[in-house]
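Structure file structure-v9.csv (CSV, C-alpha atoms) follows.
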chain,number,residue,atom,x,y,z
A,1,MET,CA,-11.8,-63.1,27.7
A,2,LYS,CA,-9.7,-60.4,29.4
A,3,CYS,CA,-10.7,-57.1,31.0
A,4,VAL,CA,-8.3,-54.2,30.1
A,5,PHE,CA,-8.0,-51.3,32.6
A,6,HIS,CA,-5.4,-48.9,33.8
A,7,GLU,CA,-5.6,-47.4,37.3
A,8,THR,CA,-4.9,-43.8,36.1
A,9,GLN,CA,-8.4,-43.9,34.6
A,10,ARG,CA,-9.7,-43.3,38.1
A,11,ARG,CA,-8.2,-39.9,38.5
A,12,HIS,CA,-10.6,-37.9,36.4
A,13,ASP,CA,-13.2,-36.8,39.0
A,14,PRO,CA,-15.6,-34.2,37.5
A,15,ARG,CA,-17.6,-32.2,40.0
A,16,HIS,CA,-20.6,-30.8,38.1
A,17,PHE,CA,-22.5,-30.6,34.8
A,18,LEU,CA,-25.4,-28.5,33.7
A,19,SER,CA,-28.7,-30.4,33.0
A,20,SER,CA,-31.7,-28.3,31.9
A,21,GLY,CA,-29.9,-25.2,33.1
A,22,ALA,CA,-29.3,-26.6,36.6
A,23,GLN,CA,-25.9,-27.4,38.1
A,24,LYS,CA,-25.9,-31.0,39.2
A,25,PRO,CA,-23.3,-33.5,40.5
A,26,ASN,CA,-21.6,-35.1,37.6
A,27,PRO,CA,-22.6,-38.8,37.3
A,28,GLU,CA,-19.4,-39.9,35.5
A,29,VAL,CA,-17.6,-40.6,38.7
A,30,PRO,CA,-14.6,-42.9,39.6
A,31,GLU,CA,-16.9,-45.2,41.6
A,32,ARG,CA,-18.2,-46.4,38.2
A,33,VAL,CA,-14.8,-48.2,37.9
A,34,ASN,CA,-15.4,-50.3,41.1
A,35,ARG,CA,-18.8,-51.4,40.0
A,36,LEU,CA,-17.6,-52.3,36.5
A,37,LEU,CA,-14.5,-54.1,37.7
A,38,ALA,CA,-16.7,-56.2,40.0
A,39,GLY,CA,-19.0,-57.0,37.1
A,40,ALA,CA,-16.1,-58.1,34.9
A,41,GLU,CA,-14.7,-60.2,37.8
A,42,ASN,CA,-18.1,-61.9,38.4
A,43,ALA,CA,-18.2,-62.8,34.7
A,44,GLY,CA,-14.9,-64.5,35.0
A,45,LEU,CA,-12.7,-62.1,33.2
A,46,GLU,CA,-9.0,-61.7,34.0
A,47,ARG,CA,-7.8,-58.2,34.5
A,48,VAL,CA,-4.8,-56.9,32.5
A,49,ALA,CA,-3.2,-53.4,32.1
A,50,PRO,CA,-2.7,-51.8,28.7
A,51,GLY,CA,0.6,-50.9,27.3
A,52,ASP,CA,1.5,-47.4,26.3
A,53,ARG,CA,1.3,-46.9,22.5
A,54,GLY,CA,1.9,-43.2,22.8
A,55,LEU,CA,-0.4,-40.7,20.9
A,56,ALA,CA,-0.6,-42.7,17.7
A,57,PRO,CA,-3.9,-44.5,18.4
A,58,ALA,CA,-5.6,-41.2,19.4
A,59,ALA,CA,-3.9,-39.2,16.6
A,60,ALA,CA,-5.3,-41.6,14.0
A,61,ILE,CA,-8.8,-40.3,15.0
A,62,HIS,CA,-8.3,-36.9,16.5
A,63,SER,CA,-6.7,-33.7,15.1
A,64,PRO,CA,-3.3,-32.7,16.5
A,65,GLU,CA,-4.9,-29.3,17.4
A,66,TYR,CA,-7.5,-31.0,19.5
A,67,LEU,CA,-5.0,-33.3,21.3
A,68,ARG,CA,-2.8,-30.4,22.1
A,69,PHE,CA,-5.9,-28.5,23.5
A,70,LEU,CA,-6.8,-31.5,25.8
A,71,GLU,CA,-3.2,-31.8,27.1
A,72,THR,CA,-2.7,-28.2,27.9
A,73,ILE,CA,-6.0,-26.4,28.4
A,74,TYR,CA,-6.3,-27.0,32.2
A,75,ASP,CA,-3.0,-25.2,33.0
A,76,ARG,CA,-3.8,-22.4,30.6
A,77,TRP,CA,-7.3,-22.0,32.0
A,78,ARG,CA,-6.0,-21.8,35.6
A,79,ARG,CA,-3.9,-18.8,34.7
A,80,ILE,CA,-7.0,-16.8,33.9
A,81,PRO,CA,-7.9,-14.5,36.9
A,82,ASP,CA,-10.9,-15.9,38.8
A,83,ALA,CA,-11.2,-18.9,36.5
A,84,SER,CA,-13.5,-21.7,37.5
A,85,GLU,CA,-12.0,-24.8,39.1
A,86,GLU,CA,-12.8,-26.9,36.0
A,87,VAL,CA,-12.7,-25.9,32.4
A,88,VAL,CA,-16.3,-25.3,31.3
A,89,PRO,CA,-17.1,-23.3,28.1
A,90,ASN,CA,-19.2,-20.2,28.3
A,91,ILE,CA,-19.4,-19.6,24.6
A,92,HIS,CA,-20.2,-21.9,21.7
A,93,PRO,CA,-19.7,-20.9,18.1
A,94,ASP,CA,-22.5,-21.2,15.6
A,95,ARG,CA,-20.1,-22.4,12.9
A,96,ARG,CA,-16.6,-23.8,12.6
A,97,ASP,CA,-15.3,-22.2,9.4
A,98,PHE,CA,-13.5,-19.3,11.0
A,99,SER,CA,-10.1,-18.4,12.4
A,100,TYR,CA,-9.0,-20.5,15.3
A,101,PRO,CA,-9.1,-18.5,18.6
A,102,ALA,CA,-5.9,-17.9,20.5
A,103,SER,CA,-7.5,-17.6,24.0
A,104,ALA,CA,-8.2,-20.5,26.3
A,105,VAL,CA,-11.8,-19.4,26.7
A,106,GLY,CA,-12.3,-19.3,22.9
A,107,GLN,CA,-10.6,-22.7,22.4
A,108,ALA,CA,-12.8,-24.2,25.1
A,109,GLY,CA,-15.9,-23.1,23.3
A,110,TYR,CA,-14.5,-24.4,20.0
A,111,HIS,CA,-13.5,-27.8,21.3
A,112,MET,CA,-16.2,-28.5,23.9
A,113,ALA,CA,-19.7,-29.2,22.5
A,114,ASP,CA,-21.5,-28.8,25.8
A,115,THR,CA,-21.1,-28.3,29.6
A,116,ALA,CA,-21.1,-32.0,30.4
A,117,CYS,CA,-17.4,-32.6,29.9
A,118,PRO,CA,-15.5,-30.4,32.4
A,119,ILE,CA,-11.7,-30.7,32.3
A,120,SER,CA,-9.7,-30.8,35.5
A,121,ALA,CA,-6.1,-31.4,36.4
A,122,ASP,CA,-6.3,-35.2,35.9
A,123,THR,CA,-8.7,-35.3,32.9
A,124,TRP,CA,-6.0,-35.6,30.2
A,125,GLU,CA,-4.1,-38.5,31.8
A,126,SER,CA,-7.3,-40.4,32.5
A,127,ALA,CA,-8.6,-39.9,28.9
A,128,TYR,CA,-5.2,-40.9,27.6
A,129,TRP,CA,-5.2,-44.2,29.4
A,130,SER,CA,-8.8,-44.8,28.5
A,131,ALA,CA,-7.8,-44.6,24.9
A,132,GLN,CA,-4.8,-46.9,25.5
A,133,THR,CA,-7.2,-49.4,27.1
A,134,ALA,CA,-9.4,-49.4,23.9
A,135,ALA,CA,-6.3,-49.7,21.7
A,136,GLU,CA,-5.0,-52.6,23.8
A,137,ALA,CA,-8.3,-54.5,23.6
A,138,ALA,CA,-8.3,-54.1,19.8
A,139,ALA,CA,-4.7,-55.2,19.6
A,140,MET,CA,-5.5,-58.3,21.6
A,141,VAL,CA,-8.2,-59.2,19.2
A,142,LEU,CA,-5.8,-58.7,16.3
A,143,ASP,CA,-3.4,-61.0,18.1
A,144,GLY,CA,-5.9,-63.9,18.2
A,145,GLU,CA,-8.3,-63.3,21.0
A,146,LYS,CA,-11.9,-63.9,20.0
A,147,ALA,CA,-13.0,-60.9,22.1
A,148,ALA,CA,-11.6,-58.5,24.7
A,149,TYR,CA,-13.4,-56.1,27.1
A,150,ALA,CA,-12.0,-52.5,27.5
A,151,LEU,CA,-13.1,-50.8,30.7
A,152,CYS,CA,-12.9,-47.3,29.2
A,153,ARG,CA,-13.4,-44.5,31.7
A,154,PRO,CA,-14.0,-41.7,30.9
A,155,PRO,CA,-16.2,-42.9,28.0
A,156,GLY,CA,-15.8,-41.8,24.4
A,157,HIS,CA,-18.6,-42.1,21.9
A,158,HIS,CA,-19.7,-38.4,22.2
A,159,ALA,CA,-16.2,-37.1,21.3
A,160,PHE,CA,-15.8,-36.0,17.7
A,161,ALA,CA,-12.4,-35.7,15.9
A,162,ASP,CA,-11.8,-32.2,17.4
A,163,MET,CA,-14.6,-31.8,20.1
A,164,ALA,CA,-15.4,-33.2,23.5
A,165,GLY,CA,-19.0,-33.6,24.7
A,166,GLY,CA,-21.2,-35.7,27.0
A,167,PHE,CA,-18.6,-36.8,29.5
A,168,CYS,CA,-16.3,-37.9,26.6
A,169,PHE,CA,-12.9,-36.6,25.5
A,170,LEU,CA,-11.2,-39.2,23.2
A,171,ASN,CA,-13.4,-41.5,21.2
A,172,ASN,CA,-12.4,-44.9,22.4
A,173,SER,CA,-14.7,-46.9,20.2
A,174,ALA,CA,-13.4,-45.1,17.1
A,175,ILE,CA,-9.8,-45.6,18.2
A,176,ALA,CA,-10.5,-49.4,18.7
A,177,ALA,CA,-12.1,-49.5,15.2
A,178,GLN,CA,-9.1,-47.8,13.6
A,179,VAL,CA,-6.7,-50.2,15.3
A,180,LEU,CA,-8.8,-53.1,13.9
A,181,ARG,CA,-8.7,-51.5,10.4
A,182,SER,CA,-5.0,-52.0,10.3
A,183,ARG,CA,-5.7,-55.7,9.4
A,184,HIS,CA,-9.4,-55.8,8.4
A,185,GLU,CA,-10.7,-54.1,5.3
A,186,ARG,CA,-14.1,-53.5,6.9
A,187,VAL,CA,-15.0,-52.9,10.6
A,188,ALA,CA,-18.4,-52.3,12.1
A,189,ILE,CA,-19.2,-50.4,15.3
A,190,LEU,CA,-22.4,-51.4,17.0
A,191,ASP,CA,-23.4,-48.8,19.7
A,192,VAL,CA,-26.0,-50.0,22.3
A,193,ASP,CA,-25.7,-47.1,24.7
A,194,LEU,CA,-28.8,-45.2,25.8
A,195,HIS,CA,-27.5,-42.1,24.0
A,196,HIS,CA,-26.7,-41.8,20.4
A,197,GLY,CA,-22.9,-42.0,19.7
A,198,ASN,CA,-22.8,-38.7,17.8
A,199,GLY,CA,-19.1,-38.4,17.9
A,200,THR,CA,-18.5,-41.8,16.5
A,201,GLN,CA,-21.0,-41.1,13.7
A,202,GLY,CA,-19.3,-37.8,12.9
A,203,ILE,CA,-15.9,-39.4,12.7
A,204,PHE,CA,-16.9,-42.1,10.2
A,205,TYR,CA,-19.8,-40.3,8.4
A,206,ALA,CA,-18.0,-39.9,5.1
A,207,ARG,CA,-16.2,-43.3,5.2
A,208,ALA,CA,-17.2,-46.6,3.7
A,209,ASP,CA,-14.7,-48.8,5.5
A,210,VAL,CA,-16.4,-48.5,8.9
A,211,LEU,CA,-20.1,-49.1,9.3
A,212,THR,CA,-21.7,-47.3,12.3
A,213,VAL,CA,-24.9,-48.6,13.7
A,214,SER,CA,-26.6,-47.2,16.8
A,215,LEU,CA,-29.6,-48.1,19.0
A,216,HIS,CA,-30.6,-45.3,21.4
A,217,ALA,CA,-33.4,-43.3,22.9
A,218,ASP,CA,-35.1,-41.1,20.3
A,219,PRO,CA,-33.1,-37.8,20.3
A,220,ALA,CA,-36.1,-35.7,19.4
A,221,ARG,CA,-36.5,-35.0,23.1
A,222,PHE,CA,-33.3,-36.6,24.5
A,223,TYR,CA,-29.5,-36.0,24.4
A,224,PRO,CA,-27.7,-35.4,22.1
A,225,PHE,CA,-30.8,-33.9,20.3
A,226,PHE,CA,-29.2,-32.9,17.1
A,227,TRP,CA,-27.8,-36.2,16.0
A,228,GLY,CA,-29.1,-39.8,16.0
A,229,HIS,CA,-32.2,-39.5,13.7
A,230,ALA,CA,-33.1,-42.3,11.3
A,231,SER,CA,-32.6,-39.9,8.3
A,232,GLU,CA,-28.9,-39.7,8.9
A,233,ARG,CA,-27.4,-42.3,6.6
A,234,GLY,CA,-23.8,-41.0,5.9
A,235,GLU,CA,-22.5,-38.7,3.2
A,236,GLY,CA,-20.2,-38.9,0.2
A,237,ALA,CA,-18.4,-42.3,0.2
A,238,GLY,CA,-20.1,-43.1,3.5
A,239,LEU,CA,-23.7,-42.7,2.2
A,240,GLY,CA,-25.5,-45.9,3.4
A,241,TYR,CA,-22.8,-46.8,5.9
A,242,ASN,CA,-24.6,-45.2,8.9
A,243,LEU,CA,-27.7,-46.7,10.5
A,244,ASN,CA,-29.6,-45.1,13.4
A,245,LEU,CA,-32.3,-47.0,15.2
A,246,PRO,CA,-34.0,-44.5,17.6
A,247,LEU,CA,-36.2,-46.1,20.2
A,248,PRO,CA,-39.3,-44.7,22.0
A,249,ARG,CA,-38.6,-43.6,25.5
A,250,HIS,CA,-38.9,-46.3,28.1
A,251,SER,CA,-38.7,-49.1,25.6
A,252,GLY,CA,-37.9,-52.4,27.2
A,253,ASP,CA,-36.3,-55.7,26.3
A,254,GLU,CA,-38.7,-56.7,23.5
A,255,VAL,CA,-38.4,-53.5,21.5
A,256,PHE,CA,-34.6,-53.2,22.0
A,257,LEU,CA,-34.0,-56.8,20.9
A,258,ASP,CA,-36.3,-56.4,17.9
A,259,GLN,CA,-34.3,-53.4,16.7
A,260,LEU,CA,-31.0,-55.1,17.6
A,261,ASP,CA,-31.9,-57.8,15.1
A,262,VAL,CA,-32.4,-55.1,12.5
A,263,ALA,CA,-28.9,-53.8,13.4
A,264,LEU,CA,-27.4,-57.3,13.1
A,265,THR,CA,-28.9,-57.8,9.7
A,266,ARG,CA,-27.3,-54.6,8.5
A,267,ILE,CA,-23.9,-55.6,10.0
A,268,ALA,CA,-24.2,-59.1,8.3
A,269,ALA,CA,-24.7,-57.4,4.9
A,270,PHE,CA,-21.5,-55.3,5.5
A,271,ALA,CA,-19.5,-58.5,6.2
A,272,PRO,CA,-17.0,-57.0,8.6
A,273,GLY,CA,-13.8,-58.7,9.5
A,274,ALA,CA,-14.1,-57.4,13.1
A,275,VAL,CA,-16.6,-55.5,15.3
A,276,VAL,CA,-16.5,-53.0,18.1
A,277,ILE,CA,-19.4,-53.1,20.5
A,278,ALA,CA,-19.8,-49.7,22.1
A,279,LEU,CA,-21.4,-51.0,25.3
A,280,GLY,CA,-23.5,-48.6,27.2
A,281,LEU,CA,-25.3,-50.0,30.2
A,282,ASP,CA,-27.4,-46.8,30.8
A,283,ALA,CA,-30.4,-48.3,28.8
A,284,PHE,CA,-31.1,-50.2,32.1
A,285,GLU,CA,-34.5,-49.7,33.6
A,286,GLY,CA,-32.9,-48.4,36.9
A,287,ASP,CA,-30.2,-46.2,35.4
A,288,PRO,CA,-30.3,-42.6,36.7
A,289,PHE,CA,-30.9,-41.2,33.2
A,290,GLY,CA,-34.1,-43.3,32.9
A,291,GLY,CA,-34.4,-43.2,29.1
A,292,LEU,CA,-35.0,-46.8,28.3
A,293,SER,CA,-36.2,-49.9,30.3
A,294,VAL,CA,-33.8,-52.8,29.5
A,295,SER,CA,-33.6,-55.4,32.3
A,296,THR,CA,-30.6,-57.2,33.6
A,297,ASP,CA,-31.6,-60.3,31.8
A,298,GLY,CA,-32.1,-58.2,28.7
A,299,PHE,CA,-28.4,-57.4,28.8
A,300,ARG,CA,-27.6,-61.1,28.8
A,301,MET,CA,-29.7,-61.5,25.7
A,302,ILE,CA,-28.0,-58.4,24.1
A,303,GLY,CA,-24.7,-60.1,24.8
A,304,GLU,CA,-25.8,-63.3,23.2
A,305,ARG,CA,-26.9,-61.6,20.1
A,306,CYS,CA,-23.8,-59.5,19.8
A,307,ALA,CA,-21.7,-62.6,19.9
A,308,SER,CA,-23.8,-64.1,17.0
A,309,ILE,CA,-22.0,-61.7,14.6
A,310,GLY,CA,-19.2,-64.3,14.8
A,311,VAL,CA,-16.2,-62.2,14.1
A,312,PRO,CA,-13.4,-60.9,16.4
A,313,THR,CA,-14.9,-58.3,18.8
A,314,ALA,CA,-13.6,-55.5,20.9
A,315,ILE,CA,-16.1,-54.5,23.6
A,316,VAL,CA,-15.6,-50.9,24.7
A,317,GLN,CA,-17.3,-49.5,27.7
A,318,GLU,CA,-19.4,-46.4,27.2
A,319,GLY,CA,-22.1,-45.2,29.6
A,320,GLY,CA,-23.9,-46.8,32.5
A,321,TYR,CA,-24.1,-44.9,35.8
A,322,LEU,CA,-24.4,-45.5,39.5
A,323,CYS,CA,-27.1,-47.9,40.5
A,324,ASP,CA,-27.2,-51.1,42.5
A,325,ALA,CA,-27.3,-53.3,39.3
A,326,LEU,CA,-24.5,-51.6,37.3
A,327,GLY,CA,-22.0,-54.4,37.9
A,328,ASP,CA,-24.7,-57.1,37.5
A,329,ASN,CA,-25.7,-55.6,34.1
A,330,LEU,CA,-22.1,-55.8,32.8
A,331,ALA,CA,-21.7,-59.4,34.2
A,332,ALA,CA,-25.0,-60.4,32.5
A,333,PHE,CA,-23.8,-59.0,29.1
A,334,LEU,CA,-20.4,-60.6,29.3
A,335,ARG,CA,-21.8,-64.0,30.4
A,336,GLY,CA,-24.3,-63.9,27.6
A,337,PHE,CA,-21.6,-63.0,25.1
A,338,ARG,CA,-19.2,-65.6,26.3
A,339,HIS,CA,-21.8,-68.3,26.4
A,340,ALA,CA,-22.9,-67.6,22.8
A,341,ALA,CA,-19.4,-67.3,21.6
A,342,ALA,CA,-18.2,-70.3,23.7
A,343,ILE,CA,-15.1,-68.5,24.9

Written form, structure tokens:
Amino acid sequence: MKCVFHETQRRHDPRHFLSSGAQKPNPEVPERVNRLLAGAENAGLERVAPGDRGLAPAAAIHSPEYLRFLETIYDRWRRIPDASEEVVPNIHPDRRDFSYPASAVGQAGYHMADTACPISADTWESAYWSAQTAAEAAAMVLDGEKAAYALCRPPGHHAFADMAGGFCFLNNSAIAAQVLRSRHERVAILDVDLHHGNGTQGIFYARADVLTVSLHADPARFYPFFWGHASERGEGAGLGYNLNLPLPRHSGDEVFLDQLDVALTRIAAFAPGAVVIALGLDAFEGDPFGGLSVSTDGFRMIGERCASIGVPTAIVQEGGYLCDALGDNLAAFLRGFRHAAAI
């Protein structure tokens, strides 16, 4: 198995985000790359760089209006007198069925779901290459690899088709799934991040060709709050093609693995030709967000069970924040996956 990563992904270096109304250091920092690369290396993965496929992979998921916003908003924002160092919205609309604002401030409110996705001078380039990394891993799988790991940073699963959120700008897991759809009639996305992948759900909510399944901390009192409940099953053609498995706070290995078996049963019934694993490592018992209590050995078992799906797999990095075991957790997952898949 190979690890895909581009050095430009390090450049995005957000300074702050708001948590419960308080300004705090942003945890989605470049140092995550070093820890994750070390974990991939410890698991025996060879590192490769992605090719440049242009905007096509992102444009297959995101609106052109949104992509243009991400590419240009920082320079436009900095032309505002006394503007903040980073683009952070100070207004959020209560609906989206109105005229599109012309101002940078209005567009920031329209395209940014929360204050956890500040945009700086290097955000677009880092997000662009994070998306290229996901597309490369999916293409490798199409070309015959049983599995490939995309070290995507910044992450992506909170990004909707036209809206950033939760440290995410381009939805890497959705981009990988759409690349896989070029050859497979049905693709499943299994999200094992601590937080619900609300952007991924939103992108595919009315589609029957991509099954979305997510295990995550119960959003009744946890981010993203408004999405991720068990009652959300899809709509229109996608009704029955979305499964949310919210877990009680501080659930450990046993509960997580039990619900993972439920997820795998649903995926088997969908009979996908390929799978995307949206790999969050923030369900770890020592992660700074502290929502669930999965152990390092638990990630090994999660990897083993994900491999049991038995179809070509793109593993896309989502969350997982600075703690001593971050690299070990990735290595445990990858070793478990490789052992079970015998690759």

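Closest approach to A:Trp124 from the set A:Asp193, A:Glu28, A:Asp52, A:Asp13 is made by A:Asp13, with distances taken over all atoms listed in the file.
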
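Excluding A:Ile189 and any residue on its chain fewer than 3 positions from it, the residues at most 9 Å away by only C-alpha atoms are Ser173, Ala174, Ala177, Thr200, Val210, Leu211, Thr212, Val213, Ser214, Ile267, Ala274, Val275, Val276, Ile277 and Ala278 of chain A.
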
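Using only C-alpha atoms, the nearest neighbour of A:Thr8 within the list A:Phe204, A:Tyr66, A:Phe337, A:Tyr128 is A:Tyr128.
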
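Taking all atoms listed in the file into account, A:Gly21 lies nearest to A:Ala116 out of the set A:Leu330, A:Leu36, A:Ala43, A:Ala116.
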
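If you measure from each of A:Lys24, A:Arg183, A:Arg96, A:Lys2 to A:Ile343 using only C-alpha atoms, the closest one turns out to be A:Lys2.
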
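Rounded to one decimal, atom CA of A:Arg35 and atom CA of A:Leu180 lie 28.0 Å from each other.
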
| request: Fewer than 6 positions away in the same chain doesn't count, so skip those; otherwise give me all residues within 10 Å of A:Asn26, counting only C-alpha atoms, as a ChimeraX atom specification. | output: /A:13-19,116-118,167

| query | Could you work out how far atom CA of A:Ala127 lies from atom CA of A:Cys168, giving the answer in Å with one decimal? | reply | 8.3 Å

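Counting all atoms listed in the file, the residue from A:Asp258, A:Glu125, A:Glu185, A:Glu46 that sits nearest to A:Glu7 is A:Glu125.
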
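Across A:Met301, A:Ala230, A:Ala108, A:Ala83, the tightest approach to A:Leu257 is made by A:Met301 when counting all atoms listed in the file.
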
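The spacing separating atom CA of A:Gly298 from atom CA of A:Pro246 amounts to 17.7 Å.
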
Polymer residues at most 7 Å from A:Ile175, only C-alpha atoms, same-chain spacing of 2 or more positions, as a short mmCIF file (atom, residue, chain, number, x, y, z; two decimals) with C-alpha atoms, in the frame of the given file:
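Final output, saved to selection39.cif:
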data_model
loop_
_atom_site.label_atom_id
_atom_site.label_comp_id
_atom_site.auth_asym_id
_atom_site.auth_seq_id
_atom_site.Cartn_x
_atom_site.Cartn_y
_atom_site.Cartn_z
CA PRO A 57 -3.90 -44.50 18.40
CA ALA A 58 -5.60 -41.20 19.40
CA ILE A 61 -8.80 -40.30 15.00
CA ALA A 134 -9.40 -49.40 23.90
CA ALA A 135 -6.30 -49.70 21.70
CA ASN A 171 -13.40 -41.50 21.20
CA ASN A 172 -12.40 -44.90 22.40
CA SER A 173 -14.70 -46.90 20.20
CA ALA A 177 -12.10 -49.50 15.20
CA GLN A 178 -9.10 -47.80 13.60
CA VAL A 179 -6.70 -50.20 15.30
#

| message | With all atoms listed in the file as the counted atoms, please give the residues lying no more than 6 Å from stretch 152-158 of chain A, apart from itself and same-chain residues fewer than 4 positions off, as a list in words. | response | Gln9, Ser130, Gly165, Gly166, Cys168, Leu170, Asn171, Asn172, Gly197, Asn198, Gly199, Thr200, Gln317 and Glu318 of chain A

| field | All residues 6 Å or closer to A:Gly39, all atoms listed in the file, same chain fewer than 4 positions away omitted, as a list in words | value | Gly327, Asp328, Leu330 and Ala331 of chain A
